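Structure file structure30.txt; described as compact mmCIF, C-alpha atoms.
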```txt
# COMPACT_ATOMS: atom_id res chain seq x y z
CA MET B 1 0.00 0.00 0.00
CA ARG B 2 1.36 3.40 -0.90
CA LYS B 3 2.00 6.07 1.71
CA ARG B 4 -0.87 8.22 0.52
CA GLN B 5 -3.29 5.29 0.69
CA VAL B 6 -2.09 4.36 4.16
CA LYS B 7 -2.56 7.92 5.24
CA SER B 8 -6.07 7.98 3.90
CA VAL B 9 -7.06 4.86 5.85
CA TRP B 10 -5.38 6.15 8.99
CA ARG B 11 -7.06 9.49 8.61
CA PHE B 12 -10.46 7.88 8.48
CA ALA B 13 -9.67 5.85 11.58
CA ALA B 14 -8.48 9.01 13.29
CA LEU B 15 -11.64 10.81 12.38
CA LEU B 16 -13.54 8.19 14.31
CA ALA B 17 -11.23 8.65 17.25
CA LEU B 18 -11.72 12.39 17.08
CA LEU B 19 -15.39 11.99 17.70
CA GLY B 20 -14.65 10.65 21.11
CA ALA B 21 -17.36 8.09 20.77
CA PHE B 22 -17.02 4.35 20.64
CA VAL B 23 -18.58 4.02 17.27
CA GLY B 24 -18.36 1.32 14.68
CA ILE B 25 -17.19 2.26 11.24
CA GLN B 26 -20.49 1.22 9.75
CA ALA B 27 -22.28 3.80 11.85
CA VAL B 28 -20.33 6.73 10.53
CA SER B 29 -20.22 8.43 7.19
CA LEU B 30 -18.32 11.57 6.40
CA ASN B 31 -21.47 13.34 5.33
CA ALA B 32 -23.61 15.80 7.22
CA GLY B 33 -24.72 14.56 10.59
CA VAL B 34 -21.56 12.69 11.47
CA CYS B 35 -21.28 14.41 14.85
CA GLU B 36 -24.94 13.76 15.63
CA ASP B 37 -24.54 10.09 14.71
CA ALA B 38 -21.45 9.80 16.87
CA LEU B 39 -23.20 11.47 19.79
CA TRP B 40 -26.06 9.02 19.59
CA GLU B 41 -23.66 6.09 19.44
CA CYS B 42 -21.82 7.53 22.41
CA PHE B 43 -24.98 7.66 24.52
CA ASN B 44 -25.84 4.09 23.62
CA ASP B 45 -22.38 2.77 24.40
CA VAL B 46 -22.34 0.41 27.36
CA PHE B 47 -19.05 1.74 28.62
CA VAL B 48 -20.31 5.32 28.57
CA GLN B 49 -23.55 4.34 30.30
CA ALA B 50 -21.44 2.80 33.08
CA MET B 51 -19.77 6.16 33.64
CA GLY B 52 -22.84 7.54 35.41
CA THR B 53 -23.31 11.30 35.43
CA PHE B 54 -19.94 11.78 33.80
CA GLY B 55 -21.10 9.83 30.73
CA PRO B 56 -23.31 12.57 29.23
CA ILE B 57 -20.62 15.19 29.84
CA TYR B 58 -18.12 12.97 28.06
CA CYS B 59 -20.45 12.60 25.07
CA PHE B 60 -21.37 16.30 24.90
CA THR B 61 -17.71 17.30 25.11
CA GLY B 62 -16.95 14.98 22.20
CA TYR B 63 -19.86 16.41 20.22
CA ALA B 64 -18.66 19.98 20.71
CA PHE B 65 -15.14 19.05 19.67
CA CYS B 66 -16.44 17.16 16.65
CA LYS B 67 -18.43 20.22 15.57
CA ARG B 68 -15.44 22.48 16.03
CA TYR B 69 -13.06 20.16 14.22
CA ILE B 70 -15.18 18.86 11.36
CA ASP B 71 -17.56 21.72 10.58
CA PRO B 72 -18.43 22.77 7.88
CA ALA B 73 -18.54 19.18 6.64
CA ALA B 74 -20.69 18.07 9.56
CA MET J 1 36.96 36.65 11.92
CA LYS J 2 38.07 38.97 9.15
CA PRO J 3 36.62 42.51 9.06
CA LYS J 4 34.94 41.86 5.70
CA ALA J 5 33.26 38.74 7.02
CA CYS J 6 32.10 40.63 10.11
CA LEU J 7 30.62 43.36 7.93
CA ALA J 8 28.84 40.81 5.78
CA TRP J 9 27.29 39.14 8.84
CA LEU J 10 26.26 42.54 10.20
CA ILE J 11 24.48 43.38 6.93
CA VAL J 12 22.72 40.02 6.93
CA PHE J 13 21.65 40.48 10.55
CA VAL J 14 20.32 44.01 10.02
CA ALA J 15 18.48 42.99 6.87
CA ALA J 16 16.92 39.96 8.54
CA ALA J 17 15.88 41.61 11.78
CA PRO J 18 12.65 43.24 10.57
CA ALA J 19 11.50 39.92 9.11
CA ALA J 20 11.72 38.20 12.47
CA ARG J 21 8.45 39.70 13.60
CA ALA J 22 5.22 40.32 11.77
CA GLN J 23 4.61 44.07 11.65
CA ILE J 24 1.44 44.98 13.54
CA PRO J 25 0.49 48.62 12.96
CA ALA J 26 -0.29 50.75 15.98
CA ALA J 27 -3.21 52.41 14.16
CA ASP J 28 -6.32 50.60 12.94
CA PHE J 29 -6.31 48.75 9.64
CA THR J 30 -9.02 47.52 7.31
CA LYS J 31 -7.28 44.82 5.30
CA VAL J 32 -5.13 41.84 6.22
CA THR J 33 -3.30 39.66 3.73
CA LEU J 34 -1.40 36.48 4.46
CA GLU J 35 2.06 35.40 3.37
CA GLU J 36 2.86 31.75 3.98
CA VAL J 37 6.21 31.36 5.70
CA LEU J 38 6.12 27.73 6.81
CA SER J 39 4.17 24.56 6.09
CA ILE J 40 4.59 21.38 8.15
CA GLY J 41 3.22 18.06 6.94
CA THR J 42 2.01 16.93 3.53
CA LEU J 43 -0.15 14.14 2.14
CA ASP J 44 3.02 12.30 1.17
CA ASP J 45 4.91 12.25 4.44
CA ASP J 46 4.32 11.00 7.97
CA THR J 47 5.04 14.25 9.77
CA LEU J 48 1.48 15.00 10.85
CA PHE J 49 -1.63 12.88 10.56
CA GLN J 50 -4.49 14.69 12.30
CA TRP J 51 -3.24 17.40 14.57
CA THR J 52 -5.60 18.87 17.13
CA GLY J 53 -3.80 21.33 19.41
CA MET J 54 -0.67 23.42 18.99
CA ALA J 55 1.34 26.20 20.59
CA VAL J 56 4.61 28.05 20.03
CA ASP J 57 7.20 28.97 22.65
CA ALA J 58 9.23 32.17 22.91
CA GLN J 59 12.07 30.61 20.89
CA GLY J 60 9.73 29.78 18.02
CA ALA J 61 9.61 26.02 18.66
CA ILE J 62 6.25 24.55 17.65
CA TYR J 63 4.48 21.92 19.78
CA VAL J 64 1.72 19.85 18.19
CA LEU J 65 -0.66 17.18 19.47
CA ASP J 66 -1.44 14.52 16.89
CA ALA J 67 -4.62 12.54 17.49
CA MET J 68 -3.83 9.72 15.14
CA ASP J 69 -0.45 8.59 16.39
CA TYR J 70 -1.22 9.64 19.98
CA SER J 71 1.80 11.87 20.16
CA LEU J 72 3.17 15.22 21.22
CA LYS J 73 5.66 16.55 18.68
CA LYS J 74 8.17 19.38 18.84
CA PHE J 75 9.34 21.18 15.70
CA ASP J 76 11.97 23.87 15.44
CA SER J 77 11.10 27.24 13.97
CA ARG J 78 11.98 25.95 10.49
CA GLY J 79 9.53 23.08 10.78
CA ARG J 80 12.00 20.26 11.40
CA LEU J 81 10.82 17.56 13.79
CA ILE J 82 13.06 17.71 16.85
CA LYS J 83 11.35 15.27 19.18
CA LYS J 84 8.25 13.14 19.54
CA THR J 85 6.75 11.47 22.57
CA GLY J 86 3.61 9.62 23.58
CA ARG J 87 1.72 6.48 22.66
CA LYS J 88 -1.80 5.15 22.96
CA GLY J 89 -2.87 4.67 26.56
CA GLU J 90 -4.02 6.37 29.70
CA GLY J 91 -0.79 6.25 31.66
CA PRO J 92 1.65 9.08 32.29
CA GLY J 93 2.70 10.67 29.01
CA GLU J 94 0.20 8.62 27.02
CA PHE J 95 -2.79 9.78 24.99
CA ARG J 96 -6.14 8.36 24.03
CA LEU J 97 -7.95 11.32 22.51
CA PRO J 98 -5.45 14.21 22.59
CA ARG J 99 -7.20 17.54 22.25
CA LEU J 100 -5.79 20.83 23.57
CA LEU J 101 -2.30 22.16 24.05
CA ASP J 102 -0.73 25.35 25.35
CA CYS J 103 2.70 26.27 26.61
CA SER J 104 4.21 28.52 29.27
CA PRO J 105 7.89 29.53 29.43
CA THR J 106 8.59 26.33 31.37
CA HIS J 107 5.88 23.80 30.61
CA ILE J 108 3.63 22.25 27.97
CA TYR J 109 0.05 21.52 29.01
CA THR J 110 -2.09 18.97 27.18
CA THR J 111 -5.59 17.60 27.58
CA ASP J 112 -7.14 14.30 26.60
CA GLN J 113 -10.85 13.79 26.19
CA GLY J 114 -10.53 10.30 27.61
CA VAL J 115 -8.62 11.44 30.71
CA LEU J 116 -9.79 14.16 33.06
CA ASP J 117 -6.39 15.37 34.21
CA ILE J 118 -4.15 17.90 32.48
CA SER J 119 -0.78 16.42 31.54
CA VAL J 120 2.30 18.57 32.03
CA PHE J 121 5.53 18.17 30.05
CA ASP J 122 8.73 20.18 30.00
CA HIS J 123 9.97 21.76 26.77
CA ASP J 124 12.01 18.61 26.02
CA LEU J 125 8.71 16.70 26.06
CA LYS J 126 9.54 14.86 29.25
CA PHE J 127 6.39 14.06 31.19
CA GLN J 128 6.34 15.92 34.52
CA LYS J 129 3.01 15.39 36.25
CA ARG J 130 -0.73 15.51 35.99
CA ILE J 131 -2.93 18.27 37.33
CA ARG J 132 -6.17 16.95 38.77
CA CYS J 133 -9.31 18.31 37.13
CA PRO J 134 -12.82 17.27 38.21
CA LEU J 135 -14.42 17.62 34.77
CA PRO J 136 -13.31 17.40 31.11
CA VAL J 137 -11.45 20.49 29.95
CA MET J 138 -13.12 22.15 26.96
CA HIS J 139 -10.53 24.89 26.60
CA LEU J 140 -7.20 25.68 28.20
CA LYS J 141 -4.69 28.53 28.30
CA ALA J 142 -1.38 28.74 30.12
CA LEU J 143 -0.97 31.86 32.23
CA ALA J 144 2.00 33.41 34.01
CA GLU J 145 3.57 31.98 37.18
CA GLY J 146 2.54 28.40 36.51
CA LYS J 147 -1.18 29.15 36.51
CA ILE J 148 -3.58 27.80 33.92
CA ALA J 149 -7.10 28.82 32.93
CA VAL J 150 -9.52 26.04 32.01
CA LEU J 151 -13.09 25.88 30.80
CA THR J 152 -15.06 23.03 32.32
CA PRO J 153 -18.61 22.10 31.37
CA GLY J 154 -21.47 21.43 33.69
CA LEU J 155 -24.85 19.81 33.26
CA GLN J 156 -26.54 21.02 36.43
CA GLU J 157 -24.48 24.15 36.96
CA PRO J 158 -23.16 26.77 34.53
CA ALA J 159 -19.87 26.25 32.78
CA LYS J 160 -17.03 28.19 34.34
CA ILE J 161 -13.59 29.41 33.42
CA ARG J 162 -11.39 28.55 36.36
CA VAL J 163 -7.86 29.70 37.08
CA LEU J 164 -5.83 26.89 38.66
CA ASP J 165 -2.45 26.84 40.33
CA GLU J 166 0.24 24.24 39.62
CA ALA J 167 -1.40 21.80 42.00
CA GLY J 168 -4.84 22.20 40.45
CA ASN J 169 -6.30 24.34 43.24
CA VAL J 170 -8.91 26.81 42.04
CA LEU J 171 -7.63 30.36 42.57
CA SER J 172 -10.42 32.28 40.88
CA GLY J 173 -12.97 31.97 38.13
CA ILE J 174 -15.71 33.60 36.14
CA THR J 175 -19.25 32.41 35.54
CA TYR J 176 -20.06 33.98 32.21
CA MET J 177 -23.64 32.83 31.67
CA ASN J 178 -26.43 30.91 33.33
CA LYS J 179 -27.47 27.40 32.40
CA GLU J 180 -30.90 28.36 31.14
CA SER J 181 -29.62 29.07 27.63
CA GLY J 182 -29.59 25.41 26.68
CA LEU J 183 -27.19 22.50 26.40
CA LEU J 184 -23.76 23.37 25.02
CA MET J 185 -24.75 26.99 24.41
CA ASP J 186 -22.05 27.90 26.91
CA SER J 187 -19.32 26.19 24.80
CA LEU J 188 -16.59 28.59 23.83
CA SER J 189 -12.95 29.29 23.18
CA PHE J 190 -11.11 31.94 25.12
CA ALA J 191 -7.90 33.92 25.04
CA VAL J 192 -6.26 35.80 27.86
CA GLY J 193 -5.10 39.34 27.18
CA PRO J 194 -3.55 42.31 28.96
CA GLY J 195 -4.41 42.57 32.63
CA GLY J 196 -5.63 39.00 32.69
CA HIS J 197 -8.77 39.92 30.75
CA PHE J 198 -10.66 37.06 29.11
CA PHE J 199 -11.83 37.26 25.50
CA LEU J 200 -14.59 34.72 24.80
CA ALA J 201 -15.84 33.43 21.45
CA PHE J 202 -18.94 31.25 21.70
CA LEU J 203 -19.10 28.07 19.63
CA PHE J 204 -22.88 28.02 19.19
CA GLN J 205 -23.69 31.71 19.65
CA ASP J 206 -22.74 34.75 17.60
CA LYS J 207 -21.12 36.42 20.54
CA VAL J 208 -17.67 37.71 21.46
CA GLU J 209 -17.16 39.06 24.96
CA ARG J 210 -14.44 40.65 27.03
CA TRP J 211 -14.37 40.02 30.78
CA SER J 212 -12.11 41.48 33.42
CA ALA J 213 -9.98 39.15 35.52
CA ASP J 214 -12.33 39.68 38.47
CA GLY J 215 -15.37 38.59 36.48
CA ARG J 216 -16.95 41.81 35.17
CA LEU J 217 -18.39 41.83 31.64
CA LEU J 218 -16.73 44.72 29.77
CA TRP J 219 -18.37 44.37 26.37
CA THR J 220 -20.21 41.95 24.12
CA ARG J 221 -20.38 41.95 20.30
CA ASN J 222 -22.13 40.07 17.50
CA ILE J 223 -20.02 39.64 14.37
CA LEU J 224 -22.17 37.39 12.16
CA GLY J 225 -25.26 39.59 12.05
CA SER J 226 -26.75 37.88 15.12
CA LYS J 227 -27.31 34.60 13.25
CA LYS J 228 -28.68 31.79 15.37
CA THR J 229 -27.59 28.18 15.28
CA GLY J 230 -29.93 25.44 14.17
CA THR J 231 -30.97 22.85 16.70
CA LYS J 232 -31.82 19.17 16.67
CA GLU J 233 -33.83 17.17 19.14
CA PHE J 234 -32.47 13.86 20.29
CA ALA J 235 -35.09 11.61 21.79
CA SER J 236 -35.29 8.02 22.95
CA LYS J 237 -37.23 6.13 25.58
CA ALA J 238 -34.65 7.03 28.18
CA MET J 239 -33.89 10.66 27.41
CA SER J 240 -34.64 13.69 25.31
CA PHE J 241 -32.64 16.84 24.73
CA VAL J 242 -32.03 19.57 22.17
CA LEU J 243 -28.56 20.39 20.90
CA PRO J 244 -27.20 23.17 18.68
CA THR J 245 -26.02 21.92 15.29
CA GLU J 246 -24.27 24.85 13.57
CA THR J 247 -21.12 26.45 14.83
CA CYS J 248 -20.84 30.25 15.04
CA LEU J 249 -17.33 31.03 16.30
CA LYS J 250 -14.68 28.35 16.50
CA ASP J 251 -11.70 29.99 18.12
CA ILE J 252 -10.17 33.27 19.26
CA ALA J 253 -6.57 34.49 19.50
CA LEU J 254 -4.95 37.79 20.41
CA ASP J 255 -2.01 39.56 18.80
CA SER J 256 0.64 41.44 20.76
CA SER J 257 -1.39 44.65 20.48
CA GLY J 258 -4.41 43.10 22.16
CA ARG J 259 -6.54 42.77 19.02
CA ALA J 260 -8.83 39.76 18.84
CA TYR J 261 -8.89 37.38 15.85
CA VAL J 262 -12.04 35.27 15.74
CA LEU J 263 -12.46 32.22 13.49
CA GLY J 264 -15.94 31.96 12.03
CA GLY J 265 -17.79 28.65 12.03
CA LYS J 266 -20.50 27.24 9.80
CA LEU J 267 -22.66 30.38 10.00
CA SER J 268 -19.85 32.61 8.74
CA PRO J 269 -19.81 33.34 4.97
CA HIS J 270 -16.75 31.10 4.47
CA PRO J 271 -17.17 28.42 7.16
CA GLY J 272 -14.02 27.63 9.06
CA ARG J 273 -12.04 30.15 7.00
CA ASP J 274 -13.23 33.64 7.93
CA VAL J 275 -11.12 35.47 10.48
CA HIS J 276 -12.80 38.52 12.00
CA VAL J 277 -10.47 41.06 13.58
CA LEU J 278 -11.69 43.19 16.49
CA SER J 279 -9.94 45.96 18.39
CA GLY J 280 -9.37 45.56 22.10
CA ASP J 281 -12.54 47.56 22.75
CA GLY J 282 -14.62 45.41 20.42
CA ARG J 283 -14.69 47.46 17.21
CA LYS J 284 -14.70 45.51 13.96
CA LEU J 285 -11.47 46.25 12.09
CA ALA J 286 -11.15 43.77 9.27
CA MET J 287 -11.98 40.32 8.00
CA PHE J 288 -9.82 37.98 5.97
CA VAL J 289 -10.27 34.49 4.57
CA LEU J 290 -7.93 31.57 5.23
CA PRO J 291 -6.94 29.44 2.22
CA ASP J 292 -8.21 26.28 3.95
CA THR J 293 -10.62 25.40 6.74
CA SER J 294 -9.33 25.32 10.28
CA HIS J 295 -10.66 24.47 13.71
CA CYS J 296 -8.31 26.79 15.54
CA LEU J 297 -6.19 29.92 15.36
CA TYR J 298 -2.90 30.53 17.12
CA ILE J 299 -0.85 33.73 17.15
CA ASP J 300 2.66 33.48 18.59
CA SER J 301 4.60 36.11 20.52
CA ARG J 302 6.04 37.41 17.23
CA ASP J 303 2.52 37.79 15.78
CA PHE J 304 2.72 35.00 13.25
CA LEU J 305 -0.54 33.19 12.57
CA TYR J 306 -0.82 29.38 12.68
CA VAL J 307 -3.79 27.44 11.29
CA ARG J 308 -4.76 24.02 10.04
CA ALA J 309 -4.82 22.87 6.42
CA ASN J 310 -5.56 19.58 4.62
CA ASP J 311 -8.01 18.52 7.33
CA GLY J 312 -5.28 18.31 9.95
CA ILE J 313 -2.42 16.85 7.93
CA THR J 314 -0.78 20.23 7.53
CA LEU J 315 0.07 23.08 9.87
CA LYS J 316 0.52 26.46 8.17
CA LYS J 317 2.34 29.51 9.48
CA TYR J 318 1.59 32.92 7.99
CA ARG J 319 2.95 36.42 8.28
CA MET J 320 0.05 38.87 8.45
CA ARG J 321 0.36 42.08 6.45
CA TYR J 322 -1.84 45.05 7.27
CA GLU J 323 -3.20 47.91 5.14
```
For the structure just supplied, provide its representation as structure tokens.
Amino acid sequence: MRKRQVKSVWRFAALLALLGAFVGIQAVSLNAGVCEDALWECFNDVFVQAMGTFGPIYCFTGYAFCKRYIDPAA
Amino acid sequence: MKPKACLAWLIVFVAAAPAARAQIPAADFTKVTLEEVLSIGTLDDDTLFQWTGMAVDAQGAIYVLDAMDYSLKKFDSRGRLIKKTGRKGEGPGEFRLPRLLDCSPTHIYTTDQGVLDISVFDHDLKFQKRIRCPLPVMHLKALAEGKIAVLTPGLQEPAKIRVLDEAGNVLSGITYMNKESGLLMDSLSFAVGPGGHFFLAFLFQDKVERWSADGRLLWTRNILGSKKTGTKEFASKAMSFVLPTETCLKDIALDSSGRAYVLGGKLSPHPGRDVHVLSGDGRKLAMFVLPDTSHCLYIDSRDFLYVRANDGITLKKYRMRYE
């Protein structure tokens, strides 16, 4: 695989990480609504639900960062 | 050294000196143009993958957090990678979701969305300690004398900007709005200017504000024609809430003259590219457009502007020219 292709794959993986949500690749597209989708996945994540009151703050913080980082695409 | 050689070096030094600092005019200006002076990272190298936070020290060294390889990188002023540290994890010096970065004369401060604490490194990127923080940090600035200012969210109480000491003790803080405005409507970026004043740019509101260090609102301005963000309702059996969906102002930075540079979000004419310049007393001075979208702005002590390009693969440094 060429460097540029590797970078492209890694970048997509990183985009998922940027969302701060434990989302599956199939749940995310790079179209409008990606931050909303990630937020919803975050709330439904078992690990996040186990975080108690901190869980929603974690998800909202990730949503705000996603909007800041990805807008205007999202 | 021979006299001729000395003279030659003197001429080179004198000629180069004015270029070492961007020239900020004392009087107001109406137009800003950008001259690219440095670009770090391309699609064809492995220098940067998806950088999130960055800062520049007094010597011009550039520190960058990279979310994809979980690292903190240090570049010299010519963009050469000097050092890299970090790996995936939650231990000391490790990163899971690296986010924010700022530097003081002695330390580098970083945040991680997956870890509450603020990690502290020295300028050689050696991990020093963690500063305890009770909530995730949504924005961070290093202040003088080892202090840091952090923005922490709250669900039941209003978000606050808190000033912490080196041990994480809260020294002071400002509550800049009440919680009744809605979820995430208190999200913002801030910069700290002369006299410890806070300049706030709201992520989901068209609002820039200046607050005194003791928590008095000095002025507030709209710069996008008072546009309002769209909202979306999220509902399930267990919960229901409404969130803002369109960003107004993404980041704010100050130059050495105390002018504020505000990066427009989705509701700005060129989303993620418009930079609105305000005087220290809130007057609109100019607006310019970045070549590429960015999520942040950084202005170093020499008044060079740093922004993102290529979706986070590239870091650009510009000299700003004023007319």
For Arg68 of chain B, work out the shell of residues within 10 Å, counting all atoms listed in the file and skipping chain neighbours fewer than 5 positions away, then give it as an mmCIF file with C-alpha atoms, in the coordinates of the input.
```
data_model
loop_
_atom_site.group_PDB
_atom_site.id
_atom_site.type_symbol
_atom_site.label_atom_id
_atom_site.label_comp_id
_atom_site.auth_asym_id
_atom_site.auth_seq_id
_atom_site.Cartn_x
_atom_site.Cartn_y
_atom_site.Cartn_z
ATOM 1 C CA GLY B 62 -16.950 14.980 22.200
ATOM 2 C CA TYR B 63 -19.860 16.410 20.220
ATOM 3 C CA ALA B 74 -20.690 18.070 9.560
ATOM 4 C CA LEU J 188 -16.590 28.590 23.830
ATOM 5 C CA LEU J 203 -19.100 28.070 19.630
ATOM 6 C CA PHE J 204 -22.880 28.020 19.190
ATOM 7 C CA GLU J 246 -24.270 24.850 13.570
ATOM 8 C CA THR J 247 -21.120 26.450 14.830
ATOM 9 C CA CYS J 248 -20.840 30.250 15.040
ATOM 10 C CA LEU J 249 -17.330 31.030 16.300
ATOM 11 C CA LYS J 250 -14.680 28.350 16.500
ATOM 12 C CA ASP J 251 -11.700 29.990 18.120
ATOM 13 C CA GLY J 265 -17.790 28.650 12.030
ATOM 14 C CA LYS J 266 -20.500 27.240 9.800
ATOM 15 C CA GLY J 272 -14.020 27.630 9.060
ATOM 16 C CA SER J 294 -9.330 25.320 10.280
ATOM 17 C CA HIS J 295 -10.660 24.470 13.710
ATOM 18 C CA CYS J 296 -8.310 26.790 15.540
#
```
Next item on the list: Compile the residues of chain J that lie within 9 Å of chain B, evaluated using only C-alpha atoms, and express the compilation as a PyMOL selection string.
Entry: chain J and resi 43-46+49-50+52+67-69+96-99+113-114+135-138+153-155+183-184+187+203+232+234+245-247+249-251+265-267+271-272+293-296+311+313
Notebook entry, point to check: If you measure from atom CA of Ala213 of chain J to atom CA of Ala286 of chain J, what distance in Å do you get, rounded to one decimal?
Noted result: 26.7 Å
Next item on the list: Report the distance between atom CA of Thr47 of chain J and atom CA of Val115 of chain J in Å, rounded to one decimal place.
Entry: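 Between atom CA of Thr47 of chain J and atom CA of Val115 of chain J the gap works out to 25.2 Å.
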Margin query: as a PyMOL selection string, please: the residues near Phe199 of chain J (cut-off 6 Å, all atoms listed in the file, same-chain neighbours under 4 positions excluded).
Written below: chain J and resi 190-191+209-210
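Straight-line separation from atom CA of Leu243 of chain J to atom CA of Thr229 of chain J: 9.7 Å.
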